[in-house]
Amino acid sequence: MKDFAKAILFGITGAFFFAFNFILIRSMNLEGGYYLWTAVLRYLFTLPLMALLLIKGNGFRKVFQSISKKSVKWFVWSTVGFGLFYAPLSAAAIYGESWFTAAVWQFTIVAGVLLTPLFGKRIPVKNLLCSCVIVAGILVMQVSKIRMGVQADWPMLILTMGIAAFSYPLGNRKMMQVTEGDGLTTVQRVFGMTLCSMPFWGICAVWSYRQAGLPTASQCFQSFLIALLAGVVATVLFFAATDLMRHDPKKLAVVEATQSGEVIFTVVMGVLILKDGMPDGMALAGIGIIVVGMVLNSMMA
């Protein structure tokens, strides 16, 4: 129980810092920044920040040993977990207020539960039902958005968020499986995944330059903040939380559900910082349903 409580605390704290991701992406979109530069810059800044955490105690050796033994798996699943997660997420962020994108992103909770059979375990049905409550809250928020007359390219929104929602938990869980027995810490695993996703980001950087030229100074600075707050602090906290519950699919589903807190944190910060439109009554009801889903998920554990 002590480890479970710690995992929940890590997950909620990580959700708070990850909320800055949606706030700052929205800010850069409002300034006209190219969405793919936002994704590329986050990981370019994340790599040296993660490396600084490993300098003490020669933390690189185990990482490079693991990569050399399983290089193909490292590059494939790092690209899935980071590349196919964040590039589509950045693209989807152009469709409205920061809280809107954060709400749609919560589909990753159900995606994480549905992926359980890929790892030789049964789907925790009760947790899946609770996750569906969370998704119901998300849908209520989207109905609110439509009532407010918001125009969006719904097929592209569903496609980009769908890819991101499945890629993040898939890459994370696969890399936990790949590094099993290698003695890596969470920080070492995140650094290794960031490093191995660099070929993908290199291709994206070339594409971004050809499409939009170089990023602005403001976009670089805000991307650095995303790298620090979401790329390092939030990711390390979330991966540490999932590591604690890696052998218990039910409690792992609960820990992954703490990501729902991102919506609440993003609503508050979006209104205060970006002057986003305040959610109406229906949208607030949707947020309430999400919170209920989180509580039910915890009770099921």
# chains A, B, ... in the order shown; residues from 1 in each chain; ligands from 1

call {"tool": "residues_around", "arguments": {"residues": "range 228-235 of chain A", "least_positions_apart": "5", "cutoff": "8 Å", "atoms": "only C-alpha atoms", "output": "JSON list (two decimals) with N, CA and C atoms, in the first residue's frame"}}
result
[["chain", "number", "residue", "atom", "x", "y", "z"],
["A", 13, "THR", "N", 1.22, 14.50, -9.16],
["A", 13, "THR", "CA", 2.20, 15.59, -9.29],
["A", 13, "THR", "C", 2.70, 15.69, -10.73],
["A", 14, "GLY", "N", 2.92, 14.53, -11.34],
["A", 14, "GLY", "CA", 3.34, 14.52, -12.74],
["A", 14, "GLY", "C", 2.28, 15.14, -13.64],
["A", 15, "ALA", "N", 0.99, 14.89, -13.32],
["A", 15, "ALA", "CA", -0.10, 15.47, -14.10],
["A", 15, "ALA", "C", -0.08, 16.99, -14.02],
["A", 16, "PHE", "N", 0.24, 17.53, -12.84],
["A", 16, "PHE", "CA", 0.33, 18.98, -12.69],
["A", 16, "PHE", "C", 1.40, 19.56, -13.61],
["A", 17, "PHE", "N", 2.58, 18.96, -13.61],
["A", 17, "PHE", "CA", 3.66, 19.49, -14.44],
["A", 17, "PHE", "C", 3.42, 19.23, -15.92],
["A", 18, "PHE", "N", 2.73, 18.11, -16.23],
["A", 18, "PHE", "CA", 2.44, 17.84, -17.64],
["A", 18, "PHE", "C", 1.42, 18.82, -18.19],
["A", 19, "ALA", "N", 0.60, 19.41, -17.32],
["A", 19, "ALA", "CA", -0.39, 20.39, -17.77],
["A", 19, "ALA", "C", 0.28, 21.58, -18.44],
["A", 20, "PHE", "N", 1.51, 21.91, -18.01],
["A", 20, "PHE", "CA", 2.22, 23.02, -18.64],
["A", 20, "PHE", "C", 2.48, 22.73, -20.12],
["A", 21, "ASN", "N", 2.52, 21.45, -20.47],
["A", 21, "ASN", "CA", 2.70, 21.08, -21.87],
["A", 21, "ASN", "C", 1.58, 21.67, -22.73],
["A", 42, "ARG", "N", 11.18, 20.29, -28.00],
["A", 42, "ARG", "CA", 11.01, 19.71, -26.66],
["A", 42, "ARG", "C", 12.05, 18.62, -26.41],
["A", 43, "TYR", "N", 12.21, 17.71, -27.36],
["A", 43, "TYR", "CA", 13.12, 16.58, -27.14],
["A", 43, "TYR", "C", 14.58, 16.95, -27.33],
["A", 45, "PHE", "N", 15.79, 19.73, -26.28],
["A", 45, "PHE", "CA", 16.13, 20.31, -24.98],
["A", 45, "PHE", "C", 16.10, 19.26, -23.86],
["A", 46, "THR", "N", 15.21, 18.28, -24.00],
["A", 46, "THR", "CA", 15.09, 17.25, -22.97],
["A", 46, "THR", "C", 16.37, 16.41, -22.86],
["A", 49, "LEU", "N", 19.11, 17.94, -20.70],
["A", 49, "LEU", "CA", 18.60, 18.05, -19.33],
["A", 49, "LEU", "C", 18.63, 16.69, -18.63],
["A", 50, "MET", "N", 18.22, 15.65, -19.35],
["A", 50, "MET", "CA", 18.27, 14.30, -18.78],
["A", 50, "MET", "C", 19.71, 13.86, -18.56],
["A", 190, "VAL", "N", 14.38, 6.98, -19.27],
["A", 190, "VAL", "CA", 13.88, 8.14, -20.00],
["A", 190, "VAL", "C", 14.99, 8.76, -20.85]]

call {"tool": "closest_atom_pairs", "arguments": {"of": "range 6-119 of chain A", "to": "range 161-180 of chain A", "cutoff": "12 Å", "atoms": "only C-alpha atoms", "output": "Markdown table"}}
result
| residue | atom | partner | partner_atom | distance |
| --- | --- | --- | --- | --- |
| A:Lys62 | CA | A:Thr179 | CA | 10.4 |
| A:Val63 | CA | A:Thr179 | CA | 9.4 |
| A:Phe64 | CA | A:Thr179 | CA | 11.7 |
| A:Gln65 | CA | A:Thr179 | CA | 10.7 |
| A:Ser66 | CA | A:Thr179 | CA | 7.1 |
| A:Ile67 | CA | A:Thr179 | CA | 9.1 |
| A:Ser68 | CA | A:Thr179 | CA | 11.9 |
| A:Lys69 | CA | A:Thr179 | CA | 10.2 |
| A:Lys70 | CA | A:Val178 | CA | 7.8 |
| A:Ser71 | CA | A:Val178 | CA | 10.2 |
| A:Val72 | CA | A:Val178 | CA | 10.6 |
| A:Lys73 | CA | A:Val178 | CA | 7.2 |
| A:Trp74 | CA | A:Met175 | CA | 7.2 |
| A:Phe75 | CA | A:Met175 | CA | 10.0 |
| A:Val76 | CA | A:Gly171 | CA | 8.7 |
| A:Trp77 | CA | A:Gly171 | CA | 5.0 |
| A:Ser78 | CA | A:Gly171 | CA | 6.2 |
| A:Thr79 | CA | A:Gly171 | CA | 7.8 |
| A:Val80 | CA | A:Gly171 | CA | 5.4 |
| A:Gly81 | CA | A:Gly171 | CA | 3.6 |
| A:Phe82 | CA | A:Tyr168 | CA | 6.7 |
| A:Gly83 | CA | A:Ser167 | CA | 8.5 |
| A:Leu84 | CA | A:Ser167 | CA | 5.9 |
| A:Phe85 | CA | A:Ala164 | CA | 4.0 |
| A:Tyr86 | CA | A:Ala164 | CA | 6.6 |
| A:Ala87 | CA | A:Ala164 | CA | 7.9 |
| A:Pro88 | CA | A:Ala164 | CA | 5.8 |
| A:Leu89 | CA | A:Ala164 | CA | 5.9 |
| A:Ser90 | CA | A:Met161 | CA | 9.4 |
| A:Ala91 | CA | A:Met161 | CA | 8.8 |
| A:Ala92 | CA | A:Met161 | CA | 6.4 |
| A:Ala93 | CA | A:Met161 | CA | 9.2 |
| A:Ile94 | CA | A:Met161 | CA | 11.7 |
| A:Tyr95 | CA | A:Met161 | CA | 11.1 |
| A:Phe100 | CA | A:Met161 | CA | 11.9 |
| A:Thr101 | CA | A:Met161 | CA | 8.8 |
| A:Ala102 | CA | A:Met161 | CA | 10.2 |
| A:Ala103 | CA | A:Met161 | CA | 10.6 |
| A:Val104 | CA | A:Met161 | CA | 7.2 |
| A:Trp105 | CA | A:Met161 | CA | 6.3 |
| A:Gln106 | CA | A:Ala165 | CA | 7.6 |
| A:Phe107 | CA | A:Ala165 | CA | 6.1 |
| A:Thr108 | CA | A:Ala165 | CA | 4.1 |
| A:Ile109 | CA | A:Ala165 | CA | 7.9 |
| A:Val110 | CA | A:Ala165 | CA | 8.7 |
| A:Ala111 | CA | A:Phe166 | CA | 5.4 |
| A:Gly112 | CA | A:Pro169 | CA | 5.5 |
| A:Val113 | CA | A:Pro169 | CA | 9.1 |
| A:Leu114 | CA | A:Phe166 | CA | 9.1 |
| A:Leu115 | CA | A:Leu170 | CA | 7.1 |
| A:Thr116 | CA | A:Arg173 | CA | 9.3 |
| A:Pro117 | CA | A:Leu170 | CA | 11.5 |
| A:Leu118 | CA | A:Leu170 | CA | 9.2 |
| A:Phe119 | CA | A:Lys174 | CA | 8.4 |

call {"tool": "atom_distance", "arguments": {"atom1": "CA of Ile264 in chain A", "atom2": "CA of Ala217 in chain A"}}
result
29.6 Å

call {"tool": "residues_around", "arguments": {"residues": "Ala7 in chain A", "least_positions_apart": "2", "cutoff": "10 Å", "atoms": "only C-alpha atoms", "output": "PyMOL selection string"}}
result
chain A and resi 1-5+9-13+237-245+251-252+254-256+258

call {"tool": "closest_residue", "arguments": {"among": "A:Gln142, A:Gln211, A:Asn58, A:Ser218", "to": "Leu30 in chain A", "atoms": "only C-alpha atoms"}}
result
A:Ser218
